Structure formats: C-alpha cells, structure tokens
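Asks: Contents are PDB, C-alpha atoms; file name work.pdb:
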ATOM      1  CA  MET A  29      33.709-103.373  11.438
ATOM      2  CA  PRO A  30      29.998-104.102  11.049
ATOM      3  CA  ALA A  31      28.644-107.619  10.836
ATOM      4  CA  VAL A  32      27.023-107.799   7.382
ATOM      5  CA  VAL A  33      24.703-110.478   6.015
ATOM      6  CA  ALA A  34      24.313-110.520   2.223
ATOM      7  CA  PHE A  35      21.381-112.327   0.606
ATOM      8  CA  GLY A  36      21.139-113.527  -2.978
ATOM      9  CA  GLY A  37      22.547-116.001  -5.438
ATOM     10  CA  GLY A  38      24.558-116.286  -8.614
ATOM     11  CA  HIS A  39      26.484-113.406 -10.153
ATOM     12  CA  GLY A  40      24.596-110.695  -8.260
ATOM     13  CA  LEU A  41      25.555-112.032  -4.852
ATOM     14  CA  SER A  42      29.104-112.662  -6.057
ATOM     15  CA  ALA A  43      29.420-108.984  -7.052
ATOM     16  CA  SER A  44      28.028-107.836  -3.718
ATOM     17  CA  LEU A  45      30.358-110.094  -1.722
ATOM     18  CA  SER A  46      33.405-109.003  -3.733
ATOM     19  CA  ALA A  47      32.604-105.409  -2.757
ATOM     20  CA  LEU A  48      31.603-106.058   0.852
ATOM     21  CA  ARG A  49      34.754-108.009   1.668
ATOM     22  CA  ARG A  50      36.715-104.821   0.969
ATOM     23  CA  ILE A  51      35.001-102.992   3.829
ATOM     24  CA  THR A  52      34.382-105.659   6.494
ATOM     25  CA  ASP A  53      35.779-108.991   7.620
ATOM     26  CA  ARG A  54      32.555-109.918   9.431
ATOM     27  CA  LEU A  55      30.643-111.162   6.414
ATOM     28  CA  THR A  56      28.046-113.909   5.943
ATOM     29  CA  ALA A  57      26.396-114.900   2.660
ATOM     30  CA  ILE A  58      22.938-116.471   2.821
ATOM     31  CA  VAL A  59      22.315-118.153  -0.496
ATOM     32  CA  THR A  60      19.223-119.319  -2.346
ATOM     33  CA  VAL A  61      18.812-123.092  -2.794
ATOM     34  CA  ALA A  62      16.291-123.328  -5.630
ATOM     35  CA  ASP A  63      18.601-123.864  -8.617
ATOM     36  CA  ASP A  64      17.511-126.880 -10.670
ATOM     37  CA  GLY A  65      19.480-126.417 -13.879
ATOM     38  CA  GLY A  66      22.908-127.440 -15.145
ATOM     39  CA  SER A  67      25.417-129.123 -12.860
ATOM     40  CA  SER A  68      23.522-128.121  -9.706
ATOM     41  CA  GLY A  69      20.299-129.610 -10.996
ATOM     42  CA  ARG A  70      21.984-132.870 -11.931
ATOM     43  CA  LEU A  71      23.605-133.253  -8.500
ATOM     44  CA  ARG A  72      20.397-132.241  -6.766
ATOM     45  CA  ARG A  73      18.397-134.915  -8.592
ATOM     46  CA  GLU A  74      21.039-137.653  -8.302
ATOM     47  CA  LEU A  75      22.142-137.107  -4.690
ATOM     48  CA  HIS A  76      18.978-135.485  -3.292
ATOM     49  CA  CYS A  77      21.108-132.663  -1.909
ATOM     50  CA  LEU A  78      20.942-128.895  -1.894
ATOM     51  CA  PRO A  79      21.983-127.386  -5.240
ATOM     52  CA  PRO A  80      25.620-126.371  -4.706
ATOM     53  CA  GLY A  81      26.166-123.932  -7.598
ATOM     54  CA  ASP A  82      25.183-120.609  -6.028
ATOM     55  CA  LEU A  83      26.903-121.621  -2.785
ATOM     56  CA  ARG A  84      30.065-122.386  -4.775
ATOM     57  CA  MET A  85      29.992-118.971  -6.446
ATOM     58  CA  ALA A  86      29.666-117.245  -3.070
ATOM     59  CA  LEU A  87      32.635-119.200  -1.703
ATOM     60  CA  ALA A  88      34.701-118.295  -4.773
ATOM     61  CA  ALA A  89      33.884-114.610  -4.235
ATOM     62  CA  LEU A  90      35.204-114.854  -0.664
ATOM     63  CA  CYS A  91      38.491-116.569  -1.547
ATOM     64  CA  GLY A  92      41.596-114.767  -0.339
ATOM     65  CA  ASP A  93      42.803-111.875  -2.492
ATOM     66  CA  ASP A  94      46.239-113.396  -3.064
ATOM     67  CA  GLU A  95      47.739-115.890  -5.498
ATOM     68  CA  SER A  96      46.531-118.903  -3.525
ATOM     69  CA  GLY A  97      43.040-117.495  -3.109
ATOM     70  CA  ARG A  98      42.681-116.563  -6.759
ATOM     71  CA  THR A  99      43.927-120.010  -7.800
ATOM     72  CA  TRP A 100      41.383-121.711  -5.557
ATOM     73  CA  ALA A 101      38.619-119.497  -6.918
ATOM     74  CA  ASP A 102      39.545-120.522 -10.471
ATOM     75  CA  VAL A 103      39.630-124.194  -9.465
ATOM     76  CA  LEU A 104      36.192-123.987  -7.850
ATOM     77  CA  GLN A 105      34.693-122.428 -10.970
ATOM     78  CA  TYR A 106      36.383-124.743 -13.500
ATOM     79  CA  ARG A 107      33.948-126.925 -15.463
ATOM     80  CA  PHE A 108      34.820-130.226 -17.111
ATOM     81  CA  PRO A 109      34.555-130.051 -20.908
ATOM     82  CA  GLY A 110      33.451-132.709 -23.356
ATOM     83  CA  ASN A 111      30.410-134.962 -23.535
ATOM     84  CA  GLY A 112      31.098-137.505 -20.800
ATOM     85  CA  ASP A 113      29.429-138.009 -17.441
ATOM     86  CA  LEU A 114      31.440-135.179 -15.877
ATOM     87  CA  ALA A 115      30.864-132.723 -18.720
ATOM     88  CA  GLY A 116      29.492-129.433 -17.418
ATOM     89  CA  HIS A 117      30.129-130.180 -13.764
ATOM     90  CA  ALA A 118      32.059-127.529 -11.825
ATOM     91  CA  ILE A 119      34.842-128.861  -9.611
ATOM     92  CA  GLY A 120      33.483-126.807  -6.724
ATOM     93  CA  ASN A 121      30.050-128.397  -7.057
ATOM     94  CA  LEU A 122      31.541-131.890  -6.842
ATOM     95  CA  LEU A 123      33.732-130.936  -3.878
ATOM     96  CA  ILE A 124      30.808-129.462  -1.936
ATOM     97  CA  ALA A 125      28.450-132.334  -2.772
ATOM     98  CA  GLY A 126      31.127-134.878  -1.824
ATOM     99  CA  LEU A 127      31.693-133.252   1.563
ATOM    100  CA  TRP A 128      27.953-133.198   2.175
ATOM    101  CA  GLU A 129      27.799-136.922   1.459
ATOM    102  CA  ARG A 130      30.741-137.566   3.781
ATOM    103  CA  LEU A 131      29.713-135.294   6.665
ATOM    104  CA  GLY A 132      25.936-135.465   6.405
ATOM    105  CA  ASP A 133      25.671-131.776   7.317
ATOM    106  CA  PRO A 134      25.434-129.012   4.660
ATOM    107  CA  VAL A 135      26.670-126.259   6.973
ATOM    108  CA  ALA A 136      29.644-128.307   8.218
ATOM    109  CA  GLY A 137      30.550-129.096   4.612
ATOM    110  CA  LEU A 138      30.412-125.442   3.557
ATOM    111  CA  ASP A 139      32.464-124.382   6.591
ATOM    112  CA  MET A 140      35.100-126.995   5.717
ATOM    113  CA  VAL A 141      35.339-125.747   2.133
ATOM    114  CA  ALA A 142      35.624-122.171   3.439
ATOM    115  CA  ARG A 143      38.534-123.163   5.688
ATOM    116  CA  LEU A 144      40.217-125.024   2.837
ATOM    117  CA  LEU A 145      39.968-121.940   0.627
ATOM    118  CA  GLY A 146      40.892-119.429   3.289
ATOM    119  CA  ALA A 147      37.566-117.722   2.583
ATOM    120  CA  GLU A 148      37.086-114.352   4.262
ATOM    121  CA  GLY A 149      33.539-114.899   5.500
ATOM    122  CA  ARG A 150      30.929-117.612   5.880
ATOM    123  CA  VAL A 151      28.505-119.080   3.335
ATOM    124  CA  LEU A 152      25.161-120.547   4.448
ATOM    125  CA  PRO A 153      22.045-121.868   2.668
ATOM    126  CA  MET A 154      18.790-119.978   3.194
ATOM    127  CA  ALA A 155      16.857-123.197   3.807
ATOM    128  CA  ALA A 156      17.682-126.675   5.038
ATOM    129  CA  VAL A 157      15.986-128.398   2.075
ATOM    130  CA  PRO A 158      16.155-127.819  -1.692
ATOM    131  CA  LEU A 159      13.340-125.617  -2.968
ATOM    132  CA  GLU A 160      11.425-125.077  -6.179
ATOM    133  CA  ILE A 161      10.264-121.749  -7.540
ATOM    134  CA  GLU A 162       6.794-121.490  -9.044
ATOM    135  CA  ALA A 163       5.913-118.387 -11.047
ATOM    136  CA  GLU A 164       2.674-116.811 -12.145
ATOM    137  CA  VAL A 165       3.207-115.454 -15.638
ATOM    138  CA  ILE A 166       1.210-113.745 -18.342
ATOM    139  CA  GLY A 167       1.725-114.113 -22.083
ATOM    140  CA  LEU A 168       3.204-117.605 -22.072
ATOM    141  CA  ASP A 169       0.920-118.622 -24.947
ATOM    142  CA  PRO A 170       1.242-116.106 -27.793
ATOM    143  CA  LEU A 171      -2.257-117.054 -28.932
ATOM    144  CA  SER A 172      -3.649-116.043 -25.511
ATOM    145  CA  PRO A 173      -1.486-113.081 -24.489
ATOM    146  CA  ASP A 174      -3.689-112.112 -21.525
ATOM    147  CA  GLU A 175      -3.966-115.588 -20.046
ATOM    148  CA  ILE A 176      -2.342-116.269 -16.676
ATOM    149  CA  SER A 177      -0.207-119.432 -16.525
ATOM    150  CA  HIS A 178       2.115-121.082 -14.010
ATOM    151  CA  ILE A 179       5.598-122.450 -14.568
ATOM    152  CA  ARG A 180       7.799-124.280 -12.090
ATOM    153  CA  GLY A 181      11.557-124.500 -11.683
ATOM    154  CA  GLN A 182      14.253-121.866 -11.333
ATOM    155  CA  ALA A 183      15.714-122.666 -14.747
ATOM    156  CA  GLN A 184      12.313-122.338 -16.431
ATOM    157  CA  VAL A 185      11.452-119.099 -14.647
ATOM    158  CA  ALA A 186      14.842-117.578 -15.442
ATOM    159  CA  LYS A 187      14.518-118.162 -19.182
ATOM    160  CA  THR A 188      10.798-117.624 -19.743
ATOM    161  CA  THR A 189       9.787-115.046 -22.327
ATOM    162  CA  ALA A 190       6.481-114.456 -20.543
ATOM    163  CA  GLU A 191       6.044-111.622 -18.043
ATOM    164  CA  VAL A 192       6.534-112.869 -14.487
ATOM    165  CA  ARG A 193       3.938-111.400 -12.123
ATOM    166  CA  ALA A 194       4.692-113.227  -8.865
ATOM    167  CA  VAL A 195       6.615-116.178  -7.445
ATOM    168  CA  ASN A 196       6.213-118.584  -4.560
ATOM    169  CA  LEU A 197       8.245-121.445  -3.111
ATOM    170  CA  VAL A 198       7.520-125.167  -3.075
ATOM    171  CA  PRO A 199       7.301-126.291  -0.312
ATOM    172  CA  GLY A 200       5.675-123.097   0.936
ATOM    173  CA  ASP A 201       6.911-123.333   4.526
ATOM    174  CA  PRO A 202      10.436-124.780   4.303
ATOM    175  CA  PRO A 203      12.682-125.024   7.369
ATOM    176  CA  ALA A 204      15.167-122.172   7.430
ATOM    177  CA  CYS A 205      18.828-122.925   8.120
ATOM    178  CA  PRO A 206      19.250-122.247  11.879
ATOM    179  CA  GLU A 207      22.721-120.774  11.390
ATOM    180  CA  SER A 208      21.266-118.331   8.844
ATOM    181  CA  LEU A 209      18.635-117.183  11.323
ATOM    182  CA  GLN A 210      21.331-116.639  13.952
ATOM    183  CA  ALA A 211      23.448-114.630  11.507
ATOM    184  CA  VAL A 212      20.506-112.337  10.740
ATOM    185  CA  HIS A 213      19.816-111.729  14.425
ATOM    186  CA  GLU A 214      23.480-110.880  15.062
ATOM    187  CA  ALA A 215      23.921-108.628  12.021
ATOM    188  CA  ASP A 216      24.485-104.886  11.968
ATOM    189  CA  TRP A 217      23.517-104.615   8.295
ATOM    190  CA  ILE A 218      21.506-106.779   5.906
ATOM    191  CA  VAL A 219      22.046-106.434   2.148
ATOM    192  CA  LEU A 220      19.435-107.684  -0.336
ATOM    193  CA  GLY A 221      20.399-107.836  -4.017
ATOM    194  CA  PRO A 222      21.570-107.264  -6.606
ATOM    195  CA  GLY A 223      20.670-110.308  -8.661
ATOM    196  CA  SER A 224      17.904-112.035 -10.594
ATOM    197  CA  TRP A 225      14.881-110.507  -8.915
ATOM    198  CA  PHE A 226      12.428-113.417  -8.955
ATOM    199  CA  THR A 227      14.891-116.286  -8.487
ATOM    200  CA  SER A 228      17.690-114.834  -6.323
ATOM    201  CA  VAL A 229      16.422-111.802  -4.387
ATOM    202  CA  ILE A 230      12.713-112.258  -3.596
ATOM    203  CA  PRO A 231      12.888-115.977  -2.573
ATOM    204  CA  HIS A 232      14.656-115.137   0.704
ATOM    205  CA  LEU A 233      11.593-113.183   1.767
ATOM    206  CA  LEU A 234       9.339-116.170   1.052
ATOM    207  CA  VAL A 235      10.896-118.496   3.660
ATOM    208  CA  PRO A 236       8.626-117.662   6.631
ATOM    209  CA  GLU A 237      11.217-118.109   9.397
ATOM    210  CA  LEU A 238      13.834-116.155   7.465
ATOM    211  CA  ALA A 239      11.397-113.393   6.551
ATOM    212  CA  GLU A 240      10.395-113.087  10.210
ATOM    213  CA  ALA A 241      14.052-112.815  11.209
ATOM    214  CA  ILE A 242      14.672-110.124   8.574
ATOM    215  CA  HIS A 243      11.628-108.173   9.718
ATOM    216  CA  GLY A 244      12.473-108.533  13.409
ATOM    217  CA  THR A 245      16.221-107.990  13.453
ATOM    218  CA  SER A 246      17.712-104.804  14.825
ATOM    219  CA  ALA A 247      20.063-104.698  11.827
ATOM    220  CA  ARG A 248      19.681-101.975   9.243
ATOM    221  CA  ARG A 249      18.467-103.104   5.822
ATOM    222  CA  LEU A 250      19.920-102.130   2.457
ATOM    223  CA  LEU A 251      18.473-103.016  -0.945
ATOM    224  CA  SER A 252      20.944-102.928  -3.840
ATOM    225  CA  LEU A 253      19.245-102.650  -7.235
ATOM    226  CA  ASN A 254      20.521-104.107 -10.484
ATOM    227  CA  LEU A 255      22.303-101.942 -13.025
ATOM    228  CA  GLU A 256      19.607-102.462 -15.616
ATOM    229  CA  PRO A 257      16.441-104.506 -16.206
ATOM    230  CA  ALA A 258      17.339-107.863 -17.722
ATOM    231  CA  GLY A 259      16.222-111.477 -17.912
ATOM    232  CA  GLU A 260      13.272-112.054 -15.599
ATOM    233  CA  THR A 261      12.569-108.315 -15.264
ATOM    234  CA  ALA A 262      13.401-107.133 -18.785
ATOM    235  CA  GLY A 263      11.611-103.852 -19.440
ATOM    236  CA  PHE A 264      10.847-103.204 -15.762
ATOM    237  CA  SER A 265      11.719 -99.812 -14.279
ATOM    238  CA  ALA A 266      13.760 -99.394 -11.108
ATOM    239  CA  ALA A 267      10.560 -98.430  -9.283
ATOM    240  CA  ARG A 268       8.858-101.618 -10.472
ATOM    241  CA  HIS A 269      11.657-103.662  -8.913
ATOM    242  CA  VAL A 270      11.021-102.021  -5.536
ATOM    243  CA  GLU A 271       7.268-102.422  -6.000
ATOM    244  CA  LEU A 272       7.640-106.152  -6.666
ATOM    245  CA  LEU A 273       9.672-106.562  -3.494
ATOM    246  CA  ALA A 274       6.951-104.785  -1.526
ATOM    247  CA  GLU A 275       4.231-106.958  -3.083
ATOM    248  CA  HIS A 276       6.002-110.152  -2.020
ATOM    249  CA  ALA A 277       6.994-108.849   1.427
ATOM    250  CA  PRO A 278       4.377-106.262   2.456
ATOM    251  CA  HIS A 279       5.781-105.906   5.991
ATOM    252  CA  LEU A 280       9.352-105.271   4.866
ATOM    253  CA  ARG A 281      10.931-101.965   5.810
ATOM    254  CA  LEU A 282      14.273-100.735   4.496
ATOM    255  CA  ASP A 283      16.810 -98.131   5.575
ATOM    256  CA  ALA A 284      18.476 -97.503   2.223
ATOM    257  CA  VAL A 285      18.053 -98.362  -1.454
ATOM    258  CA  LEU A 286      21.156 -98.148  -3.633
ATOM    259  CA  ALA A 287      20.670 -97.541  -7.367
ATOM    260  CA  ASP A 288      23.022 -96.885 -10.250
ATOM    261  CA  GLN A 289      22.623 -93.420 -11.693
ATOM    262  CA  ARG A 290      21.761 -94.707 -15.159
ATOM    263  CA  PHE A 291      19.021 -97.047 -13.914
ATOM    264  CA  ALA A 292      17.551 -94.431 -11.577
ATOM    265  CA  ALA A 293      17.613 -91.621 -14.121
ATOM    266  CA  ASP A 294      14.269 -90.383 -15.392
ATOM    267  CA  ASP A 295      12.282 -92.739 -13.138
ATOM    268  CA  PRO A 296       9.706 -90.414 -11.545
ATOM    269  CA  HIS A 297       8.286 -93.115  -9.267
ATOM    270  CA  LEU A 298      11.456 -94.574  -7.734
ATOM    271  CA  ALA A 299      11.877 -92.062  -4.908
ATOM    272  CA  ALA A 300       8.233 -92.416  -3.861
ATOM    273  CA  TRP A 301       8.415 -96.209  -3.711
ATOM    274  CA  VAL A 302      11.651 -96.043  -1.730
ATOM    275  CA  ARG A 303      10.070 -93.629   0.759
ATOM    276  CA  SER A 304       7.040 -95.908   1.108
ATOM    277  CA  LEU A 305       9.365 -98.570   2.533
ATOM    278  CA  GLY A 306      10.872 -96.099   4.975
ATOM    279  CA  ALA A 307      14.178 -95.893   3.127
ATOM    280  CA  GLU A 308      16.574 -93.288   1.773
ATOM    281  CA  LEU A 309      17.406 -93.449  -1.941
ATOM    282  CA  VAL A 310      21.144 -93.403  -2.656
ATOM    283  CA  VAL A 311      22.144 -92.907  -6.309
ATOM    284  CA  ALA A 312      25.747 -93.516  -7.367
ATOM    285  CA  ASP A 313      27.897 -94.376 -10.360
ATOM    286  CA  LEU A 314      28.367 -98.132  -9.883
ATOM    287  CA  ALA A 315      29.050 -99.612 -13.323
ATOM    288  CA  VAL A 316      32.301-100.747 -14.882
ATOM    289  CA  ARG A 317      33.609 -98.581 -17.683
ATOM    290  CA  ASP A 318      33.511-101.182 -20.464
ATOM    291  CA  GLY A 319      29.798-100.638 -21.107
ATOM    292  CA  SER A 320      28.681-104.008 -19.755
ATOM    293  CA  ALA A 321      26.014-104.338 -17.066
ATOM    294  CA  ARG A 322      28.455-105.261 -14.290
ATOM    295  CA  HIS A 323      29.118-103.576 -10.988
ATOM    296  CA  ASP A 324      32.551-102.086 -10.453
ATOM    297  CA  GLN A 325      33.749-103.701  -7.218
ATOM    298  CA  LEU A 326      35.532-100.588  -5.953
ATOM    299  CA  ARG A 327      32.642 -98.238  -6.715
ATOM    300  CA  LEU A 328      30.154-100.619  -5.131
ATOM    301  CA  ALA A 329      32.379-101.040  -2.076
ATOM    302  CA  SER A 330      32.678 -97.263  -1.760
ATOM    303  CA  ALA A 331      28.904 -96.845  -1.921
ATOM    304  CA  TYR A 332      28.371 -99.558   0.694
ATOM    305  CA  ALA A 333      30.967 -97.983   2.981
ATOM    306  CA  GLU A 334      29.351 -94.561   2.714
ATOM    307  CA  ILE A 335      25.862 -95.921   3.443
ATOM    308  CA  MET A 336      27.129 -97.966   6.393
ATOM    309  CA  ASP A 337      29.254 -95.041   7.618
ATOM    310  CA  ILE A 338      32.446 -97.096   7.746
TER
END
Go through the file and emit its structure as structure tokens.
Replies:
Amino acid sequence: MPAVVAFGGGHGLSASLSALRRITDRLTAIVTVADDGGSSGRLRRELHCLPPGDLRMALAALCGDDESGRTWADVLQYRFPGNGDLAGHAIGNLLIAGLWERLGDPVAGLDMVARLLGAEGRVLPMAAVPLEIEAEVIGLDPLSPDEISHIRGQAQVAKTTAEVRAVNLVPGDPPACPESLQAVHEADWIVLGPGSWFTSVIPHLLVPELAEAIHGTSARRLLSLNLEPAGETAGFSAARHVELLAEHAPHLRLDAVLADQRFAADDPHLAAWVRSLGAELVVADLAVRDGSARHDQLRLASAYAEIMDI
C-alpha cells in the first residue's frame, strides 16, 4: 500500500482521512496549528501550547473502525456543557494538552494518544510553534467597499464577511515539525484538501521548510477540492480555488486535481488552471445523497484509490 500524507485541518481533513484509511494503512496526517478560537484558543492562550482541536479531529478520524474505536472517537469529540470553567472544552483537547504538559513533546504526546486509541495512522503538527493567520481582505468596511484591510486570527478570518484576497502566517518563517518533513520525504502520495481554503489548506504551503519539502519530494501530489464554495471562499468558482493555491505557492506542481461533478460543472476555466499546474483533472460523484455538502467516505475512497492506482 502507498505511504500517503494528508494535509489540512478540521472537517475537511477528517473527511479525507476517513476515506484514505479505507485504502491504505500507511497514513500520516499533517495538521494546521493556527486555530485560535473556542476550546483550542483557550488552551493555547492559557498553556502556551499548540492548539489541539484540529489534531484531535484527525485522531478521531483514525480511530479503529470497531466498537472500541468508535467509542473512543465519541469520547474525544465530547464537549462539556454548561457555563463553568470546563464548558465548551472537548475531552480530547484536554487529554492532548495534558500529555503535552507531562511529556514536554507535542509529537510524543500525539503518538501516545494514537496508541491509546488504536489509531490507524499518525497525526503530526505542521509546525513546532502555534501560528497566526493574517488575511488581506477587501470590503470589510461597507462604507469603503474597495478598501483593502487586514485581519488577524484564524477565527476572525474564518467568519469574516469581507472577501479574502490572500493570507500569510505570523511568524512568517516558523520551524516545521521535523517528523512532518520526514513523512513528506518518505511519502508516495501527498493529498492537499479538502477544507477551509485560507485557514486549513493554503497555510501548509506557507511554512517555508514544509513547502520546500512538498516541492522537492518524489511523491505524487493530489489536490482534493471542496464540494462547493462556502465560508471563506463563498461565491468562488472551482477554478478560483486552484488559482488561489497557485498564487500562494507559485512553484507548486500537482499530478491530479479531484473535483466533485457538481462543483466542476459549467466551469470553463477549471481544466486550464489544472493543466497549468501540470495536473490531470479527475471529476467524480463524491457527495452524500442527503443533499448536504459532505463527502461520501466510500465514494471519496474509491476516487482516491483509482487516482493512486491501488
């Protein structure tokens, strides 16, 4: 089976991992560490640690597909209710942060949680320090719709009603996680996306050491597009998503771009942008049948397997 490294964060990465684990047992998730909202933001500010939320979600997606694994996944994701000090905290976030405090090593802590859960794969942070996302936006002030502004923080960028034009990381040259760099160099395939484009997908290409590893690896590179434009990229076409990736990583070359048939339909520019990155466009039916914008795990796994020739 191929060694696959999946990049991202949040629900997009979780969907990708749930599909990939069906076709390979050599799987590594490299997860963004810029979250500053909710439980992750509180722990990050109080303990000066990496935000654990996206890492927790990746671990939950890799839990064993049996009763024990599903139970552990539910436990990790459970949030305390009420209005007290623990309200809103996910059990998994507290477990991960506690192990980091005890071991003093984020990777060792994540590996221990993975062993505890019987996770089928490894979860690593993309950088060794917590990061901030800064976005250049237009239309933040309704009285000056053409004025360019800047906002900082993943939570702020994710919920802004302004049009995001570009993002960068603070600090601009963070140290990459060494284990993540090694995983990229040893990979057969790299999967970028799906996920929030500006806060989960593009940031991996803005860590210089990680971007260099992605550009220099012998692994083949697959970009998985979202099912529809939403949130940070509401109103953007599929081609615009690829264009944004190219603008932030001008040296990036891809082997394949996977798009859902509904999102790719009637986009006259998508194929040209995909070709400009050296890639083949693969269009498939990837959505669940309930009408929501969620990937069907089996359909996504089937598409991945066909592209990777498994």
Asks: Counting only C-alpha atoms, which residues have an atom no more than 12 Å from (25.8, -115.4, -2.0) in the file's coordinates? Please list them as number ranges by chain.
Replies: A: 33-46, 48, 55-61, 80-90, 149-154, 219-223, 228-229, 232
Asks: Atom CA of Asn196 of chain A and atom CA of His276 of chain A, how far apart in Å?
Replies: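 Here the two named atoms are 8.8 Å from each other.
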Asks: Pick out the residues sitting within 12 Å of Lys187 of chain A, and hand them over as a VMD selection string; count only C-alpha atoms, and ignore anything fewer than 3 positions along from it in its own chain.
Replies: chain A and resid 65 163 168 179 to 184 190 to 192 224 226 to 227 258 to 262
Asks: Take the PyMOL selection byres ((chain A and resi 118) around 8), apply it to the structure above, and return the hits as a tab-separated table (two decimals) with C-alpha atoms, keeping the file's coordinate frame.
Replies:
chain	number	residue	atom	x	y	z
A	67	SER	CA	25.42	-129.12	-12.86
A	104	LEU	CA	36.19	-123.99	-7.85
A	105	GLN	CA	34.69	-122.43	-10.97
A	106	TYR	CA	36.38	-124.74	-13.50
A	107	ARG	CA	33.95	-126.92	-15.46
A	108	PHE	CA	34.82	-130.23	-17.11
A	116	GLY	CA	29.49	-129.43	-17.42
A	117	HIS	CA	30.13	-130.18	-13.76
A	119	ILE	CA	34.84	-128.86	-9.61
A	120	GLY	CA	33.48	-126.81	-6.72
A	121	ASN	CA	30.05	-128.40	-7.06
A	122	LEU	CA	31.54	-131.89	-6.84
Asks: So, with all atoms listed in the file as the atoms that count, which of A:Ala274, A:Val302, A:His76, A:Glu160 lies closest to Leu197 of chain A?
Replies: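 Looking only at the distances to Leu197 of chain A, the closest residue turns out to be A:Glu160.
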Asks: What is the distance between atom CA of Leu78 of chain A and atom CA of Pro158 of chain A, in Å to one decimal?
Replies: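 Distance between the two atoms: 4.9 Å.
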Asks: I'd like the neighbourhood of Met140 of chain A as a list in words, where a residue qualifies if any of its atoms comes within 10 Å (using only C-alpha atoms), though same-chain residues fewer than 6 positions away should be ignored.
Replies: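 That gives Ile124, Leu127, Leu131, Pro134 and Gly146 of chain A.
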Asks: Which residue gives the smallest distance to Val135 of chain A among A:Leu71, A:Val185, A:Pro206, A:Trp100, with all atoms listed in the file counted?
Replies: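 Result for the nearest residue to Val135 of chain A: A:Pro206.
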Asks: Please, what distance in Å, to one decimal, runs between atom CA of Pro202 of chain A and atom CA of Pro231 of chain A?
Replies: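 Atom CA of Pro231 of chain A lies at a distance of 11.4 Å from atom CA of Pro202 of chain A.
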Asks: Selection in question (the file shown): the PyMOL selection byres ((chain A and resi 93) around 10). Which residues does it include, as a list of chain:residue names?
Replies: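 Listing what the PyMOL selection byres ((chain A and resi 93) around 10) selects in the shown file: A:Ser46, A:Arg49, A:Arg50, A:Ala89, A:Leu90, A:Cys91, A:Gly92, A:Asp94, A:Glu95, A:Ser96, A:Gly97, A:Arg98, A:Thr99, A:Ala101, A:Gly146, A:Ala147, A:Glu148.
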Asks: What does the PyMOL selection byres ((chain A and resi 269-271) around 8) select in this file, as a ChimeraX atom specification?
Replies: /A:225,253,261,264-268,272-275,298,301-302
Asks: Using all atoms listed in the file, which of A:Ile218, A:Ile230, A:Ala293, A:Ala277 sits nearest Thr245 of chain A?
Replies: A:Ile218
Asks: Determine the nearest neighbour of Leu234 of chain A from the options A:Val195, A:Leu328, A:Leu209, A:Ile335, counting only C-alpha atoms.
Replies: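 Of the candidates, the smallest distance to Leu234 of chain A is held by A:Val195.
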Asks: Can you write segment 129-158 of chain A from the block above with C-alpha atoms, as a PDB file, in the first residue's frame?
Replies:
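Contents of decode-v6.pdb, freshly written:
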ATOM      1  CA  GLU A 129       2.371  19.299  29.698  1.00  0.00           C
ATOM      2  CA  ARG A 130       3.505  15.966  31.135  1.00  0.00           C
ATOM      3  CA  LEU A 131       5.839  14.884  28.321  1.00  0.00           C
ATOM      4  CA  GLY A 132       7.066  18.244  27.071  1.00  0.00           C
ATOM      5  CA  ASP A 133       6.983  16.978  23.479  1.00  0.00           C
ATOM      6  CA  PRO A 134       3.971  17.550  21.166  1.00  0.00           C
ATOM      7  CA  VAL A 135       4.821  14.666  18.839  1.00  0.00           C
ATOM      8  CA  ALA A 136       5.365  12.198  21.703  1.00  0.00           C
ATOM      9  CA  GLY A 137       2.037  13.269  23.195  1.00  0.00           C
ATOM     10  CA  LEU A 138       0.170  12.782  19.915  1.00  0.00           C
ATOM     11  CA  ASP A 139       1.811   9.384  19.367  1.00  0.00           C
ATOM     12  CA  MET A 140       0.752   8.311  22.869  1.00  0.00           C
ATOM     13  CA  VAL A 141      -2.854   9.339  22.237  1.00  0.00           C
ATOM     14  CA  ALA A 142      -2.763   7.465  18.911  1.00  0.00           C
ATOM     15  CA  ARG A 143      -1.588   4.294  20.664  1.00  0.00           C
ATOM     16  CA  LEU A 144      -4.248   4.687  23.347  1.00  0.00           C
ATOM     17  CA  LEU A 145      -6.945   4.976  20.683  1.00  0.00           C
ATOM     18  CA  GLY A 146      -5.603   2.270  18.418  1.00  0.00           C
ATOM     19  CA  ALA A 147      -5.445   4.897  15.670  1.00  0.00           C
ATOM     20  CA  GLU A 148      -4.681   3.565  12.199  1.00  0.00           C
ATOM     21  CA  GLY A 149      -2.108   6.174  11.205  1.00  0.00           C
ATOM     22  CA  ARG A 150      -0.066   9.010  12.656  1.00  0.00           C
ATOM     23  CA  VAL A 151      -1.024  12.624  13.379  1.00  0.00           C
ATOM     24  CA  LEU A 152       1.609  15.388  13.322  1.00  0.00           C
ATOM     25  CA  PRO A 153       1.550  19.204  13.557  1.00  0.00           C
ATOM     26  CA  MET A 154       2.726  21.167  10.523  1.00  0.00           C
ATOM     27  CA  ALA A 155       4.858  23.475  12.668  1.00  0.00           C
ATOM     28  CA  ALA A 156       6.577  23.252  16.028  1.00  0.00           C
ATOM     29  CA  VAL A 157       5.044  26.512  17.311  1.00  0.00           C
ATOM     30  CA  PRO A 158       1.481  27.877  17.287  1.00  0.00           C
TER      31      PRO A 158
END
